[in-house]
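Colleague: For reference, the structure I am asking about is given below.
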Amino acid sequence: MDIEVCKDVSETIEIIAFHMNDAGCRYGLIGFDLAPTFWGRGLMQEALTEMIRLGFDDMKLDYIEATTEVDNLQSQRLLQKMGFHQENELKDNLLYFILRSKNR
């Protein structure tokens, strides 16, 4: 898990983490949250870029999933921009995934 604190305001601004069932798991569920006052600055895109790299290159995952609320259009756009594809709709959320590319 990665928690960043903005030095200027001394508050937690971003939380991003992988959730995995066990150590031998070949996929991870990524979760993220960003304080609303920091939306629109590209911080989550920067963090997701590193988490995707970590998941595929270091952890050797085959795919990464992420969920977002149906009405959270900003997160949906971000996931799509990062290469995630929408899989299906859960009860209260949308499920997205990204596969390891063949050139990794």
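Convention: chains lettered A, B, ... in structure tokens order; per-chain residue numbering from 1; ligands numbered from 1 as shown.
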A:Gln86: which residues within 7 Å, counting only C-alpha atoms, same-chain residues fewer than 5 positions away excluded, as an mmCIF file with C-alpha atoms, in the first residue's frame?

Modeller:
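Result file follows (result_31.cif):
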data_model
loop_
_atom_site.group_PDB
_atom_site.id
_atom_site.type_symbol
_atom_site.label_atom_id
_atom_site.label_comp_id
_atom_site.auth_asym_id
_atom_site.auth_seq_id
_atom_site.Cartn_x
_atom_site.Cartn_y
_atom_site.Cartn_z
ATOM 1 C CA LEU A 95 -15.641 -3.816 -12.791
ATOM 2 C CA TYR A 96 -12.658 -2.922 -14.980
ATOM 3 C CA PHE A 97 -9.597 -4.980 -15.946
#

Colleague: List the neighbours of stretch 28-34 of chain A out to 7 Å using only C-alpha atoms; skip same-chain residues closer than 2 positions along the sequence, and give me the result as a list in words.

Modeller: Ile13, Glu14, Ile15, Ile16, Ala17, Phe18, His19, Met20, Pro36, Phe38, Trp39, Tyr63, Ile64, Glu65 and Ala66 of chain A

Colleague: Store the residues of this selection in a file with C-alpha atoms, as a tab-separated table (two decimals), in the first residue's frame.

Modeller:
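Below is the file that was written, again.tsv:
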chain	number	residue	atom	x	y	z
A	13	ILE	CA	-4.28	12.98	-0.02
A	14	GLU	CA	-4.04	9.61	-1.74
A	15	ILE	CA	-4.39	5.94	-0.90
A	16	ILE	CA	-3.72	3.19	-3.44
A	17	ALA	CA	-3.28	-0.52	-2.79
A	18	PHE	CA	-3.40	-4.02	-4.25
A	19	HIS	CA	-5.78	-6.50	-2.66
A	20	MET	CA	-4.85	-10.12	-3.29
A	36	PRO	CA	-11.50	15.73	-3.42
A	38	PHE	CA	-6.69	17.21	-5.10
A	39	TRP	CA	-8.89	15.96	-7.98
A	63	TYR	CA	-4.17	-9.05	-14.98
A	64	ILE	CA	-5.30	-6.28	-12.67
A	65	GLU	CA	-8.89	-5.46	-11.75
A	66	ALA	CA	-10.37	-2.24	-10.40

Colleague: Neighbours of A:Met59 within 12 Å (only C-alpha atoms; same-chain residues fewer than 6 positions away dropped), as an mmCIF file with all heavy atoms, in the first residue's frame?

Modeller:
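New file selection_21.cif:
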data_model
loop_
_atom_site.group_PDB
_atom_site.id
_atom_site.type_symbol
_atom_site.label_atom_id
_atom_site.label_comp_id
_atom_site.auth_asym_id
_atom_site.auth_seq_id
_atom_site.Cartn_x
_atom_site.Cartn_y
_atom_site.Cartn_z
ATOM 1 N N PHE A 18 -2.980 -2.766 -3.635
ATOM 2 C CA PHE A 18 -3.396 -4.025 -4.248
ATOM 3 C C PHE A 18 -4.046 -4.874 -3.170
ATOM 4 O O PHE A 18 -3.550 -4.956 -2.054
ATOM 5 C CB PHE A 18 -2.187 -4.806 -4.797
ATOM 6 C CG PHE A 18 -1.789 -4.437 -6.178
ATOM 7 C CD1 PHE A 18 -0.573 -3.835 -6.411
ATOM 8 C CD2 PHE A 18 -2.620 -4.697 -7.255
ATOM 9 C CE1 PHE A 18 -0.185 -3.486 -7.697
ATOM 10 C CE2 PHE A 18 -2.238 -4.369 -8.542
ATOM 11 C CZ PHE A 18 -1.021 -3.751 -8.767
ATOM 12 N N MET A 20 -5.070 -8.814 -2.681
ATOM 13 C CA MET A 20 -4.855 -10.122 -3.294
ATOM 14 C C MET A 20 -5.299 -11.211 -2.337
ATOM 15 O O MET A 20 -5.179 -11.063 -1.121
ATOM 16 C CB MET A 20 -3.383 -10.286 -3.665
ATOM 17 C CG MET A 20 -2.917 -9.208 -4.635
ATOM 18 S SD MET A 20 -1.167 -9.239 -4.972
ATOM 19 C CE MET A 20 -1.059 -10.727 -5.947
ATOM 20 N N ALA A 23 -0.560 -15.320 -1.821
ATOM 21 C CA ALA A 23 0.742 -14.974 -2.404
ATOM 22 C C ALA A 23 0.921 -15.542 -3.809
ATOM 23 O O ALA A 23 1.628 -14.975 -4.619
ATOM 24 C CB ALA A 23 1.861 -15.462 -1.497
ATOM 25 N N GLY A 24 0.289 -16.669 -4.126
ATOM 26 C CA GLY A 24 0.436 -17.279 -5.443
ATOM 27 C C GLY A 24 -0.552 -16.753 -6.465
ATOM 28 O O GLY A 24 -0.605 -17.233 -7.591
ATOM 29 N N CYS A 25 -1.309 -15.762 -6.106
ATOM 30 C CA CYS A 25 -2.353 -15.210 -6.959
ATOM 31 C C CYS A 25 -1.739 -14.537 -8.186
ATOM 32 O O CYS A 25 -0.731 -13.834 -8.080
ATOM 33 C CB CYS A 25 -3.155 -14.208 -6.132
ATOM 34 S SG CYS A 25 -4.714 -13.769 -6.848
ATOM 35 N N ARG A 26 -2.324 -14.730 -9.353
ATOM 36 C CA ARG A 26 -1.798 -14.153 -10.595
ATOM 37 C C ARG A 26 -2.548 -12.886 -11.014
ATOM 38 O O ARG A 26 -2.381 -12.398 -12.110
ATOM 39 C CB ARG A 26 -1.868 -15.191 -11.712
ATOM 40 C CG ARG A 26 -1.073 -16.454 -11.442
ATOM 41 C CD ARG A 26 0.403 -16.223 -11.353
ATOM 42 N NE ARG A 26 0.880 -15.713 -12.623
ATOM 43 C CZ ARG A 26 2.103 -15.311 -12.854
ATOM 44 N NH1 ARG A 26 2.994 -15.355 -11.901
ATOM 45 N NH2 ARG A 26 2.463 -14.865 -14.023
ATOM 46 N N TYR A 27 -3.424 -12.394 -10.134
ATOM 47 C CA TYR A 27 -4.115 -11.144 -10.426
ATOM 48 C C TYR A 27 -4.264 -10.345 -9.136
ATOM 49 O O TYR A 27 -4.183 -10.891 -8.041
ATOM 50 C CB TYR A 27 -5.484 -11.382 -11.064
ATOM 51 C CG TYR A 27 -6.534 -11.881 -10.103
ATOM 52 C CD1 TYR A 27 -7.391 -10.998 -9.467
ATOM 53 C CD2 TYR A 27 -6.661 -13.233 -9.835
ATOM 54 C CE1 TYR A 27 -8.343 -11.448 -8.574
ATOM 55 C CE2 TYR A 27 -7.614 -13.700 -8.947
ATOM 56 C CZ TYR A 27 -8.450 -12.805 -8.323
ATOM 57 O OH TYR A 27 -9.386 -13.251 -7.432
ATOM 58 N N GLY A 28 -4.459 -9.056 -9.295
ATOM 59 C CA GLY A 28 -4.651 -8.195 -8.136
ATOM 60 C C GLY A 28 -5.814 -7.252 -8.373
ATOM 61 O O GLY A 28 -6.095 -6.876 -9.509
ATOM 62 N N MET A 51 1.618 1.788 -10.069
ATOM 63 C CA MET A 51 1.037 0.552 -9.539
ATOM 64 C C MET A 51 0.861 -0.497 -10.627
ATOM 65 O O MET A 51 1.089 -1.683 -10.404
ATOM 66 C CB MET A 51 -0.297 0.842 -8.851
ATOM 67 C CG MET A 51 -0.159 1.609 -7.557
ATOM 68 S SD MET A 51 0.748 0.732 -6.266
ATOM 69 C CE MET A 51 -0.510 -0.417 -5.719
ATOM 70 N N ILE A 52 0.474 -0.087 -11.817
ATOM 71 C CA ILE A 52 0.340 -1.024 -12.942
ATOM 72 C C ILE A 52 1.710 -1.588 -13.291
ATOM 73 O O ILE A 52 1.876 -2.794 -13.502
ATOM 74 C CB ILE A 52 -0.321 -0.346 -14.149
ATOM 75 C CG1 ILE A 52 -1.786 -0.027 -13.819
ATOM 76 C CG2 ILE A 52 -0.218 -1.199 -15.399
ATOM 77 C CD1 ILE A 52 -2.452 0.910 -14.810
ATOM 78 N N ARG A 53 2.730 -0.723 -13.341
ATOM 79 C CA ARG A 53 4.091 -1.189 -13.613
ATOM 80 C C ARG A 53 4.534 -2.177 -12.543
ATOM 81 O O ARG A 53 5.051 -3.256 -12.842
ATOM 82 C CB ARG A 53 5.069 -0.015 -13.664
ATOM 83 C CG ARG A 53 6.480 -0.446 -14.120
ATOM 84 C CD ARG A 53 7.573 0.445 -13.556
ATOM 85 N NE ARG A 53 7.631 0.455 -12.111
ATOM 86 C CZ ARG A 53 8.123 -0.534 -11.342
ATOM 87 N NH1 ARG A 53 8.562 -1.652 -11.878
ATOM 88 N NH2 ARG A 53 8.159 -0.427 -10.023
ATOM 89 N N ARG A 100 -1.901 -8.125 -18.809
ATOM 90 C CA ARG A 100 -0.466 -7.953 -19.074
ATOM 91 C C ARG A 100 -0.294 -7.954 -20.593
ATOM 92 O O ARG A 100 -0.828 -8.811 -21.290
ATOM 93 C CB ARG A 100 0.330 -9.118 -18.478
ATOM 94 C CG ARG A 100 1.795 -9.088 -18.864
ATOM 95 C CD ARG A 100 2.478 -10.411 -18.592
ATOM 96 N NE ARG A 100 2.481 -10.766 -17.197
ATOM 97 C CZ ARG A 100 3.430 -10.389 -16.341
ATOM 98 N NH1 ARG A 100 4.411 -9.637 -16.729
ATOM 99 N NH2 ARG A 100 3.361 -10.772 -15.079
ATOM 100 N N ARG A 104 5.548 -7.207 -22.215
ATOM 101 C CA ARG A 104 6.062 -7.032 -20.849
ATOM 102 C C ARG A 104 6.901 -8.223 -20.477
ATOM 103 O O ARG A 104 6.633 -9.316 -20.707
ATOM 104 C CB ARG A 104 4.927 -6.864 -19.837
ATOM 105 C CG ARG A 104 4.325 -5.503 -19.933
ATOM 106 C CD ARG A 104 3.466 -5.261 -18.702
ATOM 107 N NE ARG A 104 2.848 -3.987 -18.767
ATOM 108 C CZ ARG A 104 3.367 -2.877 -18.247
ATOM 109 N NH1 ARG A 104 4.496 -2.907 -17.641
ATOM 110 N NH2 ARG A 104 2.745 -1.733 -18.349
#

Colleague: Rounded to one decimal, what separation in Å do you get between atom CA of A:Ile98 and atom CA of A:Gly40?

Modeller: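 Separating atom CA of A:Ile98 from atom CA of A:Gly40 is a distance of 22.6 Å.
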
Colleague: Fewer than 5 positions away in the same chain doesn't count, so skip those; otherwise give me all residues within 10 Å of A:Glu89, counting only C-alpha atoms, as a list in words.

Modeller: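 The filter keeps Thr67, Thr68, Glu69, Val70, Leu94, Leu95 and Tyr96 of chain A.
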
Colleague: Between A:Gly55, A:Asp62, A:Glu50, A:Ala35, which has the minimum distance to A:Ser101 (counting only C-alpha atoms)?

Modeller: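 Nearest candidate to A:Ser101 out of A:Gly55, A:Asp62, A:Glu50, A:Ala35: A:Asp62.
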
Colleague: Which residue out of A:Phe56, A:Leu48, A:Leu99, A:Leu61 has the minimum interatomic distance to A:Met82 when only C-alpha atoms are used?

Modeller: A:Leu48

Colleague: What parts of chain A does DSSP call strand (DSSP E or B)? I'd like the answer as a VMD selection string.

Modeller: chain A and resid 2 to 6 11 to 19 27 to 34 63 to 69 85 to 89 93 to 99

Colleague: Grab the residues selected above and save them as a PDB file, in the first residue's frame with C-alpha atoms.

Modeller:
ATOM      1  CA  ASP A   2       1.153   3.511  -0.778  1.00  0.00           C
ATOM      2  CA  ILE A   3      -0.053   6.509   1.201  1.00  0.00           C
ATOM      3  CA  GLU A   4       1.133   9.935   0.169  1.00  0.00           C
ATOM      4  CA  VAL A   5       0.985  12.965   2.420  1.00  0.00           C
ATOM      5  CA  CYS A   6       1.102  16.441   0.939  1.00  0.00           C
ATOM      6  CA  GLU A  11      -2.972  15.628   5.285  1.00  0.00           C
ATOM      7  CA  THR A  12      -3.380  12.270   3.590  1.00  0.00           C
ATOM      8  CA  ILE A  13      -4.277  12.979  -0.024  1.00  0.00           C
ATOM      9  CA  GLU A  14      -4.041   9.612  -1.744  1.00  0.00           C
ATOM     10  CA  ILE A  15      -4.386   5.940  -0.898  1.00  0.00           C
ATOM     11  CA  ILE A  16      -3.722   3.190  -3.439  1.00  0.00           C
ATOM     12  CA  ALA A  17      -3.284  -0.522  -2.794  1.00  0.00           C
ATOM     13  CA  PHE A  18      -3.396  -4.025  -4.248  1.00  0.00           C
ATOM     14  CA  HIS A  19      -5.776  -6.502  -2.658  1.00  0.00           C
ATOM     15  CA  TYR A  27      -4.115 -11.144 -10.426  1.00  0.00           C
ATOM     16  CA  GLY A  28      -4.651  -8.195  -8.136  1.00  0.00           C
ATOM     17  CA  LEU A  29      -7.544  -5.900  -7.351  1.00  0.00           C
ATOM     18  CA  ILE A  30      -6.386  -2.325  -7.193  1.00  0.00           C
ATOM     19  CA  GLY A  31      -8.190   0.157  -4.973  1.00  0.00           C
ATOM     20  CA  PHE A  32      -7.653   3.890  -4.832  1.00  0.00           C
ATOM     21  CA  ASP A  33      -9.008   7.011  -3.221  1.00  0.00           C
ATOM     22  CA  LEU A  34      -8.015  10.657  -3.544  1.00  0.00           C
ATOM     23  CA  TYR A  63      -4.167  -9.054 -14.979  1.00  0.00           C
ATOM     24  CA  ILE A  64      -5.302  -6.283 -12.672  1.00  0.00           C
ATOM     25  CA  GLU A  65      -8.889  -5.463 -11.751  1.00  0.00           C
ATOM     26  CA  ALA A  66     -10.374  -2.242 -10.400  1.00  0.00           C
ATOM     27  CA  THR A  67     -13.887  -1.290  -9.378  1.00  0.00           C
ATOM     28  CA  THR A  68     -15.596   2.072  -9.333  1.00  0.00           C
ATOM     29  CA  GLU A  69     -19.025   3.311  -8.406  1.00  0.00           C
ATOM     30  CA  HIS A  85     -11.661  -2.258 -20.053  1.00  0.00           C
ATOM     31  CA  GLN A  86     -15.086  -2.498 -18.462  1.00  0.00           C
ATOM     32  CA  GLU A  87     -15.997  -6.114 -17.784  1.00  0.00           C
ATOM     33  CA  ASN A  88     -19.398  -6.054 -16.169  1.00  0.00           C
ATOM     34  CA  GLU A  89     -21.584  -4.285 -13.680  1.00  0.00           C
ATOM     35  CA  ASN A  93     -20.025  -0.937  -8.898  1.00  0.00           C
ATOM     36  CA  LEU A  94     -18.480  -1.323 -12.328  1.00  0.00           C
ATOM     37  CA  LEU A  95     -15.641  -3.816 -12.791  1.00  0.00           C
ATOM     38  CA  TYR A  96     -12.658  -2.922 -14.980  1.00  0.00           C
ATOM     39  CA  PHE A  97      -9.597  -4.980 -15.946  1.00  0.00           C
ATOM     40  CA  ILE A  98      -6.283  -4.638 -17.724  1.00  0.00           C
ATOM     41  CA  LEU A  99      -4.227  -7.558 -19.043  1.00  0.00           C
TER      42      LEU A  99
END

Colleague: Any idea what the distance is between atom CA of A:Leu78 and atom CA of A:Leu90?

Modeller: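 Going from atom CA of A:Leu78 over to atom CA of A:Leu90, I get 18.9 Å.
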
Colleague: In Å to one decimal, how far is atom CA of A:Lys81 from atom CA of A:Glu46?

Modeller: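 Taking atom CA of A:Glu46 as the start and atom CA of A:Lys81 as the end point, the length is 12.0 Å.
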
Colleague: Return the single residue from A:Gln45, A:Thr37, A:Leu54, A:Asp92 that is closest to A:Gln80, with distances computed using only C-alpha atoms.

Modeller: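 Closest to A:Gln80, using only C-alpha atoms: A:Gln45.
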
Colleague: Please return as a PDB file with N, CA and C atoms, in the first residue's frame: the residues of chain A that backbone DSSP assigns to helix (DSSP H, G or I).

Modeller:
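Output saved as states_1.pdb:
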ATOM      1  N   PRO A  36     -10.869  14.900  -2.390  1.00  0.00           N
ATOM      2  CA  PRO A  36     -11.500  15.732  -3.421  1.00  0.00           C
ATOM      3  C   PRO A  36     -10.774  17.036  -3.727  1.00  0.00           C
ATOM      4  N   THR A  37     -10.126  17.629  -2.748  1.00  0.00           N
ATOM      5  CA  THR A  37      -9.431  18.895  -3.004  1.00  0.00           C
ATOM      6  C   THR A  37      -8.245  18.725  -3.958  1.00  0.00           C
ATOM      7  N   PHE A  38      -7.838  17.473  -4.224  1.00  0.00           N
ATOM      8  CA  PHE A  38      -6.695  17.214  -5.102  1.00  0.00           C
ATOM      9  C   PHE A  38      -7.102  16.599  -6.436  1.00  0.00           C
ATOM     10  N   LEU A  43      -2.636  13.400 -10.169  1.00  0.00           N
ATOM     11  CA  LEU A  43      -1.947  12.630  -9.124  1.00  0.00           C
ATOM     12  C   LEU A  43      -2.310  11.152  -9.173  1.00  0.00           C
ATOM     13  N   MET A  44      -3.583  10.837  -9.368  1.00  0.00           N
ATOM     14  CA  MET A  44      -3.994   9.440  -9.387  1.00  0.00           C
ATOM     15  C   MET A  44      -3.495   8.750 -10.647  1.00  0.00           C
ATOM     16  N   GLN A  45      -3.443   9.437 -11.761  1.00  0.00           N
ATOM     17  CA  GLN A  45      -2.895   8.839 -12.982  1.00  0.00           C
ATOM     18  C   GLN A  45      -1.429   8.477 -12.766  1.00  0.00           C
ATOM     19  N   GLU A  46      -0.685   9.351 -12.116  1.00  0.00           N
ATOM     20  CA  GLU A  46       0.721   9.087 -11.821  1.00  0.00           C
ATOM     21  C   GLU A  46       0.861   7.867 -10.902  1.00  0.00           C
ATOM     22  N   ALA A  47       0.029   7.806  -9.878  1.00  0.00           N
ATOM     23  CA  ALA A  47       0.084   6.677  -8.941  1.00  0.00           C
ATOM     24  C   ALA A  47      -0.341   5.378  -9.612  1.00  0.00           C
ATOM     25  N   LEU A  48      -1.398   5.406 -10.430  1.00  0.00           N
ATOM     26  CA  LEU A  48      -1.849   4.198 -11.122  1.00  0.00           C
ATOM     27  C   LEU A  48      -0.814   3.700 -12.112  1.00  0.00           C
ATOM     28  N   THR A  49      -0.145   4.608 -12.787  1.00  0.00           N
ATOM     29  CA  THR A  49       0.913   4.215 -13.720  1.00  0.00           C
ATOM     30  C   THR A  49       1.968   3.383 -13.008  1.00  0.00           C
ATOM     31  N   GLU A  50       2.392   3.831 -11.844  1.00  0.00           N
ATOM     32  CA  GLU A  50       3.411   3.100 -11.079  1.00  0.00           C
ATOM     33  C   GLU A  50       2.865   1.788 -10.529  1.00  0.00           C
ATOM     34  N   MET A  51       1.618   1.788 -10.069  1.00  0.00           N
ATOM     35  CA  MET A  51       1.037   0.552  -9.539  1.00  0.00           C
ATOM     36  C   MET A  51       0.861  -0.497 -10.627  1.00  0.00           C
ATOM     37  N   ILE A  52       0.474  -0.087 -11.817  1.00  0.00           N
ATOM     38  CA  ILE A  52       0.340  -1.024 -12.942  1.00  0.00           C
ATOM     39  C   ILE A  52       1.710  -1.588 -13.291  1.00  0.00           C
ATOM     40  N   ARG A  53       2.730  -0.723 -13.341  1.00  0.00           N
ATOM     41  CA  ARG A  53       4.091  -1.189 -13.613  1.00  0.00           C
ATOM     42  C   ARG A  53       4.534  -2.177 -12.543  1.00  0.00           C
ATOM     43  N   LEU A  54       4.317  -1.857 -11.290  1.00  0.00           N
ATOM     44  CA  LEU A  54       4.675  -2.734 -10.186  1.00  0.00           C
ATOM     45  C   LEU A  54       3.960  -4.082 -10.301  1.00  0.00           C
ATOM     46  N   GLY A  55       2.664  -4.038 -10.572  1.00  0.00           N
ATOM     47  CA  GLY A  55       1.881  -5.267 -10.676  1.00  0.00           C
ATOM     48  C   GLY A  55       2.350  -6.183 -11.790  1.00  0.00           C
ATOM     49  N   PHE A  56       2.608  -5.630 -12.959  1.00  0.00           N
ATOM     50  CA  PHE A  56       3.002  -6.461 -14.092  1.00  0.00           C
ATOM     51  C   PHE A  56       4.494  -6.787 -14.100  1.00  0.00           C
ATOM     52  N   ASP A  57       5.336  -5.806 -13.864  1.00  0.00           N
ATOM     53  CA  ASP A  57       6.782  -6.018 -13.979  1.00  0.00           C
ATOM     54  C   ASP A  57       7.389  -6.678 -12.748  1.00  0.00           C
ATOM     55  N   ASP A  58       7.033  -6.229 -11.565  1.00  0.00           N
ATOM     56  CA  ASP A  58       7.652  -6.750 -10.343  1.00  0.00           C
ATOM     57  C   ASP A  58       6.886  -7.933  -9.754  1.00  0.00           C
ATOM     58  N   LEU A  73     -17.849   9.059 -12.668  1.00  0.00           N
ATOM     59  CA  LEU A  73     -17.414   9.165 -14.056  1.00  0.00           C
ATOM     60  C   LEU A  73     -15.936   9.506 -14.188  1.00  0.00           C
ATOM     61  N   GLN A  74     -15.390  10.295 -13.244  1.00  0.00           N
ATOM     62  CA  GLN A  74     -13.967  10.644 -13.310  1.00  0.00           C
ATOM     63  C   GLN A  74     -13.089   9.403 -13.183  1.00  0.00           C
ATOM     64  N   SER A  75     -13.403   8.529 -12.247  1.00  0.00           N
ATOM     65  CA  SER A  75     -12.615   7.302 -12.080  1.00  0.00           C
ATOM     66  C   SER A  75     -12.784   6.385 -13.280  1.00  0.00           C
ATOM     67  N   GLN A  76     -13.985   6.319 -13.840  1.00  0.00           N
ATOM     68  CA  GLN A  76     -14.206   5.496 -15.027  1.00  0.00           C
ATOM     69  C   GLN A  76     -13.360   5.996 -16.195  1.00  0.00           C
ATOM     70  N   ARG A  77     -13.352   7.313 -16.402  1.00  0.00           N
ATOM     71  CA  ARG A  77     -12.542   7.886 -17.484  1.00  0.00           C
ATOM     72  C   ARG A  77     -11.052   7.628 -17.249  1.00  0.00           C
ATOM     73  N   LEU A  78     -10.609   7.767 -16.005  1.00  0.00           N
ATOM     74  CA  LEU A  78      -9.205   7.532 -15.693  1.00  0.00           C
ATOM     75  C   LEU A  78      -8.827   6.081 -15.979  1.00  0.00           C
ATOM     76  N   LEU A  79      -9.628   5.137 -15.517  1.00  0.00           N
ATOM     77  CA  LEU A  79      -9.326   3.725 -15.760  1.00  0.00           C
ATOM     78  C   LEU A  79      -9.283   3.426 -17.256  1.00  0.00           C
ATOM     79  N   GLN A  80     -10.218   3.963 -18.014  1.00  0.00           N
ATOM     80  CA  GLN A  80     -10.209   3.755 -19.461  1.00  0.00           C
ATOM     81  C   GLN A  80      -8.968   4.377 -20.102  1.00  0.00           C
ATOM     82  N   LYS A  81      -8.594   5.554 -19.647  1.00  0.00           N
ATOM     83  CA  LYS A  81      -7.396   6.227 -20.159  1.00  0.00           C
ATOM     84  C   LYS A  81      -6.140   5.409 -19.873  1.00  0.00           C
TER      85      LYS A  81
END
